[in-house]
Amino acid sequence: MGVRKTGKYGQIMIPTGDGIQVANAALTKSASKTIQGTVFSNRFYATASRSMWNKGKGISARIQGIVGEASVTPATGNNNVQTNAFSYYKDNGTIQSAPADTSVTIVRPATGKYNWNLVVVDMDDGTISAITGSDGDSYSDVFDAAGGPPLVAIDKLIIGAVKLSTDTAAPVVAADITQFLSTGTLIQERSDMPGYFEYPMEGGVLLNEALLVCHTGSVARKVYASYYDFYSLLTPLGDTTKWSLDVSSDTTSMQAQGDSGAQSDLSGPPKWSGGFSRFHVRDVVLYNLGVNRRTGIVRLFPDRNDTTVYYEGAVIVKGFKMDCDMSNPMMEEITFEGDGNLELRGL
């Protein structure tokens, strides 16, 4: 049986400011990330070291990729294609431009063989070129395989592909051009796809699907983010008297005609809220959190002597209250609603 303790051992940590501004940071892919019991493979990208993003100051994440329409079409002459002018993001900085190119040379396979030519844009200068894959006895969807598309340098983005099965010089036709693997997977690397969901408390983003592994070294293109980092500003809040958490779940009752009893089911993830209070000590820490910022993070320790176990989550501050009573100490109180997941760390 564990040692029973009162709440006098509790501790609260909150950030003391809006966060440290970080611009255009490259995020690192997690091979496996578990979020609320679900495992996501190669879809979660986060900062290399732990960070917590201030949602109230705005978060900007960006997948390297093309913006708007970018197409590969037949060009005049033999073994040539052309591209229109388009824009792209190299990172989370300024949008870049690639001019139209009316003559991009592709290479045909040897007699009786099949190959892919990937038409790409160089993210450093916007130039267009074609990269030829290895010949094969048939087409393959496997990158760097015989008859498959080639791997592309990490500083280039795929616009489209030309698949050829004859060695005879001739004009490229529309039927030779594609933006997909045979499985229907899009190979054009776009900034707006596959989309993502932000996880500020984890300092990262979860992509809707894994990025195509098509670059040299069998890696995917990069993901960047700009944000304000709370993590380095987390500080124990002194003179506190209590903290509380309340977790609840909504349910939906479903009853069909003729049922003798209704069936119930959970209608969403758990909701959580809470609050904490402290003695007023002539500073504006809680006033700024509750009135000026109104968003933040809380880290709640049941036992200040065991810093490995704590509750943690992003919050929206619902209320700031101060009691000034002649017969009692002056008290300040914050009430909050959870924004996202409540995590129990260390257990």
# chains A, B, ... in the order shown; residues from 1 in each chain; ligands from 1
$ closest_atom_pairs --of "range 267-321 of chain A" --to "range 53-61 of chain A" --cutoff "10 Å" --atoms "only C-alpha atoms" --output "JSON lines"
{"residue": "A:Arg293", "atom": "CA", "partner": "A:Gly56", "partner_atom": "CA", "distance": 7.4}
{"residue": "A:Arg294", "atom": "CA", "partner": "A:Gly56", "partner_atom": "CA", "distance": 7.9}
{"residue": "A:Thr295", "atom": "CA", "partner": "A:Gly56", "partner_atom": "CA", "distance": 5.8}
{"residue": "A:Gly296", "atom": "CA", "partner": "A:Asn54", "partner_atom": "CA", "distance": 6.6}
{"residue": "A:Ile297", "atom": "CA", "partner": "A:Asn54", "partner_atom": "CA", "distance": 8.3}
{"residue": "A:Ala314", "atom": "CA", "partner": "A:Lys55", "partner_atom": "CA", "distance": 8.6}
{"residue": "A:Val315", "atom": "CA", "partner": "A:Lys55", "partner_atom": "CA", "distance": 9.6}
{"residue": "A:Ile316", "atom": "CA", "partner": "A:Gly56", "partner_atom": "CA", "distance": 9.1}
$ closest_atom_pairs --of "range 171-201 of chain A" --to "range 104-127 of chain A" --cutoff "12 Å" --atoms "only C-alpha atoms" --output "JSON lines"
{"residue": "A:Pro171", "atom": "CA", "partner": "A:Ile106", "partner_atom": "CA", "distance": 10.5}
{"residue": "A:Val172", "atom": "CA", "partner": "A:Ile106", "partner_atom": "CA", "distance": 9.1}
{"residue": "A:Asp176", "atom": "CA", "partner": "A:Trp116", "partner_atom": "CA", "distance": 9.8}
{"residue": "A:Ile177", "atom": "CA", "partner": "A:Asn117", "partner_atom": "CA", "distance": 9.4}
{"residue": "A:Thr178", "atom": "CA", "partner": "A:Leu118", "partner_atom": "CA", "distance": 9.7}
{"residue": "A:Gln179", "atom": "CA", "partner": "A:Leu118", "partner_atom": "CA", "distance": 9.5}
{"residue": "A:Phe180", "atom": "CA", "partner": "A:Leu118", "partner_atom": "CA", "distance": 11.1}
{"residue": "A:Leu181", "atom": "CA", "partner": "A:Trp116", "partner_atom": "CA", "distance": 10.7}
{"residue": "A:Ile187", "atom": "CA", "partner": "A:Leu118", "partner_atom": "CA", "distance": 9.4}
{"residue": "A:Gln188", "atom": "CA", "partner": "A:Val120", "partner_atom": "CA", "distance": 9.1}
{"residue": "A:Glu189", "atom": "CA", "partner": "A:Val120", "partner_atom": "CA", "distance": 9.6}
{"residue": "A:Arg190", "atom": "CA", "partner": "A:Val121", "partner_atom": "CA", "distance": 12.0}
$ write_last_selection --atoms "N, CA and C atoms" --output "PDB file, in the first residue's frame"
ATOM      1  N   PRO A 171       7.738  12.293 -80.364  1.00  0.00           N
ATOM      2  CA  PRO A 171       7.120  13.253 -79.438  1.00  0.00           C
ATOM      3  C   PRO A 171       6.450  12.518 -78.270  1.00  0.00           C
ATOM      4  N   VAL A 172       6.545  13.081 -77.095  1.00  0.00           N
ATOM      5  CA  VAL A 172       5.832  12.558 -75.922  1.00  0.00           C
ATOM      6  C   VAL A 172       4.360  12.914 -76.068  1.00  0.00           C
ATOM      7  N   ASP A 176       1.499   9.375 -72.030  1.00  0.00           N
ATOM      8  CA  ASP A 176       2.769   8.987 -71.398  1.00  0.00           C
ATOM      9  C   ASP A 176       2.977   9.681 -70.048  1.00  0.00           C
ATOM     10  N   ILE A 177       2.191  10.712 -69.774  1.00  0.00           N
ATOM     11  CA  ILE A 177       2.431  11.581 -68.620  1.00  0.00           C
ATOM     12  C   ILE A 177       1.457  11.231 -67.493  1.00  0.00           C
ATOM     13  N   THR A 178       1.961  11.216 -66.273  1.00  0.00           N
ATOM     14  CA  THR A 178       1.114  10.912 -65.120  1.00  0.00           C
ATOM     15  C   THR A 178       1.604  11.667 -63.895  1.00  0.00           C
ATOM     16  N   GLN A 179       0.719  11.782 -62.922  1.00  0.00           N
ATOM     17  CA  GLN A 179       1.092  12.320 -61.599  1.00  0.00           C
ATOM     18  C   GLN A 179       0.820  11.301 -60.500  1.00  0.00           C
ATOM     19  N   PHE A 180       0.631  10.041 -60.907  1.00  0.00           N
ATOM     20  CA  PHE A 180       0.239   9.007 -59.952  1.00  0.00           C
ATOM     21  C   PHE A 180       1.030   7.727 -60.162  1.00  0.00           C
ATOM     22  N   LEU A 181       1.186   6.952 -59.080  1.00  0.00           N
ATOM     23  CA  LEU A 181       1.600   5.563 -59.193  1.00  0.00           C
ATOM     24  C   LEU A 181       0.408   4.748 -59.678  1.00  0.00           C
ATOM     25  N   ILE A 187       2.050  11.420 -56.805  1.00  0.00           N
ATOM     26  CA  ILE A 187       3.495  11.609 -56.653  1.00  0.00           C
ATOM     27  C   ILE A 187       3.886  13.086 -56.717  1.00  0.00           C
ATOM     28  N   GLN A 188       2.996  13.953 -57.226  1.00  0.00           N
ATOM     29  CA  GLN A 188       3.312  15.377 -57.181  1.00  0.00           C
ATOM     30  C   GLN A 188       3.370  15.810 -55.717  1.00  0.00           C
ATOM     31  N   GLU A 189       4.461  16.468 -55.343  1.00  0.00           N
ATOM     32  CA  GLU A 189       4.669  16.835 -53.942  1.00  0.00           C
ATOM     33  C   GLU A 189       4.110  18.239 -53.710  1.00  0.00           C
ATOM     34  N   ARG A 190       2.999  18.289 -52.998  1.00  0.00           N
ATOM     35  CA  ARG A 190       2.262  19.528 -52.810  1.00  0.00           C
ATOM     36  C   ARG A 190       2.343  19.999 -51.348  1.00  0.00           C
TER      37      ARG A 190
END
$ residues_around --residues "Met13 in chain A" --least-positions-apart "6" --cutoff "10 Å" --atoms "only C-alpha atoms" --output "VMD selection string"
chain A and resid 233 to 238 297 to 301 312
$ select_by_dssp --residues "range 189-289 of chain A" --states "helix (DSSP H, G or I)" --output "list in words"
Pro200, Met201, Glu202, Tyr231, Ser232, Leu233, Val285, Leu286, Tyr287, Asn288 and Leu289 of chain A
$ write_last_selection --atoms "C-alpha atoms" --output "short mmCIF file (atom, residue, chain, number, x, y, z; two decimals), in the first residue's frame"
data_model
loop_
_atom_site.label_atom_id
_atom_site.label_comp_id
_atom_site.auth_asym_id
_atom_site.auth_seq_id
_atom_site.Cartn_x
_atom_site.Cartn_y
_atom_site.Cartn_z
CA PRO A 200 0.77 22.24 -29.48
CA MET A 201 1.46 20.35 -26.23
CA GLU A 202 3.61 17.85 -28.10
CA TYR A 231 8.54 24.98 -22.58
CA SER A 232 11.61 26.90 -21.47
CA LEU A 233 9.39 29.35 -19.55
CA VAL A 285 1.60 36.53 -13.01
CA LEU A 286 -1.96 35.21 -12.70
CA TYR A 287 -3.51 38.46 -13.90
CA ASN A 288 -1.48 38.27 -17.12
CA LEU A 289 -2.40 34.60 -17.60
#
$ residues_around --residues "Ala100 in chain A" --least-positions-apart "3" --cutoff "7 Å" --atoms "only C-alpha atoms" --output "JSON, numbers by chain"
{"A": [83, 84, 85]}
$ write_last_selection --atoms "C-alpha atoms" --output "JSON list (two decimals), in the first residue's frame"
[["chain", "number", "residue", "atom", "x", "y", "z"],
["A", 83, "THR", "CA", 5.95, 22.80, -67.51],
["A", 84, "ASN", "CA", 3.93, 25.89, -66.69],
["A", 85, "ALA", "CA", 5.04, 28.58, -64.22]]
$ closest_residue --among "A:Leu347, A:Arg43, A:Ser327, A:Thr251" --to "Thr308 in chain A" --atoms "only C-alpha atoms"
A:Leu347
$ atom_distance --atom1 "CA of Ala170 in chain A" --atom2 "CA of Ser103 in chain A"
14.2 Å
$ closest_residue --among "A:Asp265, A:Asp306, A:Asp192, A:Asp229" --to "Arg50 in chain A" --atoms "only C-alpha atoms"
A:Asp229
$ residues_around --residues "Thr241 in chain A" --least-positions-apart "5" --cutoff "8 Å" --atoms "only C-alpha atoms" --output "number ranges by chain"
A: 8, 276-279
$ atom_distance --atom1 "CA of Ala130 in chain A" --atom2 "CA of Thr183 in chain A"
22.3 Å
$ select_by_dssp --residues "range 121-345 of chain A" --states "strand (DSSP E)" --output "PyMOL selection string"
chain A and resi 121-122+128-132+156-164+177-178+196-199+204-207+223-229+234-236+240-248+251-254+263-266+271-279+295-301+310-323+331-338+343-345
$ atom_distance --atom1 "CA of Ser191 in chain A" --atom2 "CA of Gln21 in chain A"
23.2 Å
$ closest_residue --among "A:Thr216, A:Thr47, A:Ser165, A:Gln82" --to "Ser129 in chain A" --atoms "only C-alpha atoms"
A:Gln82
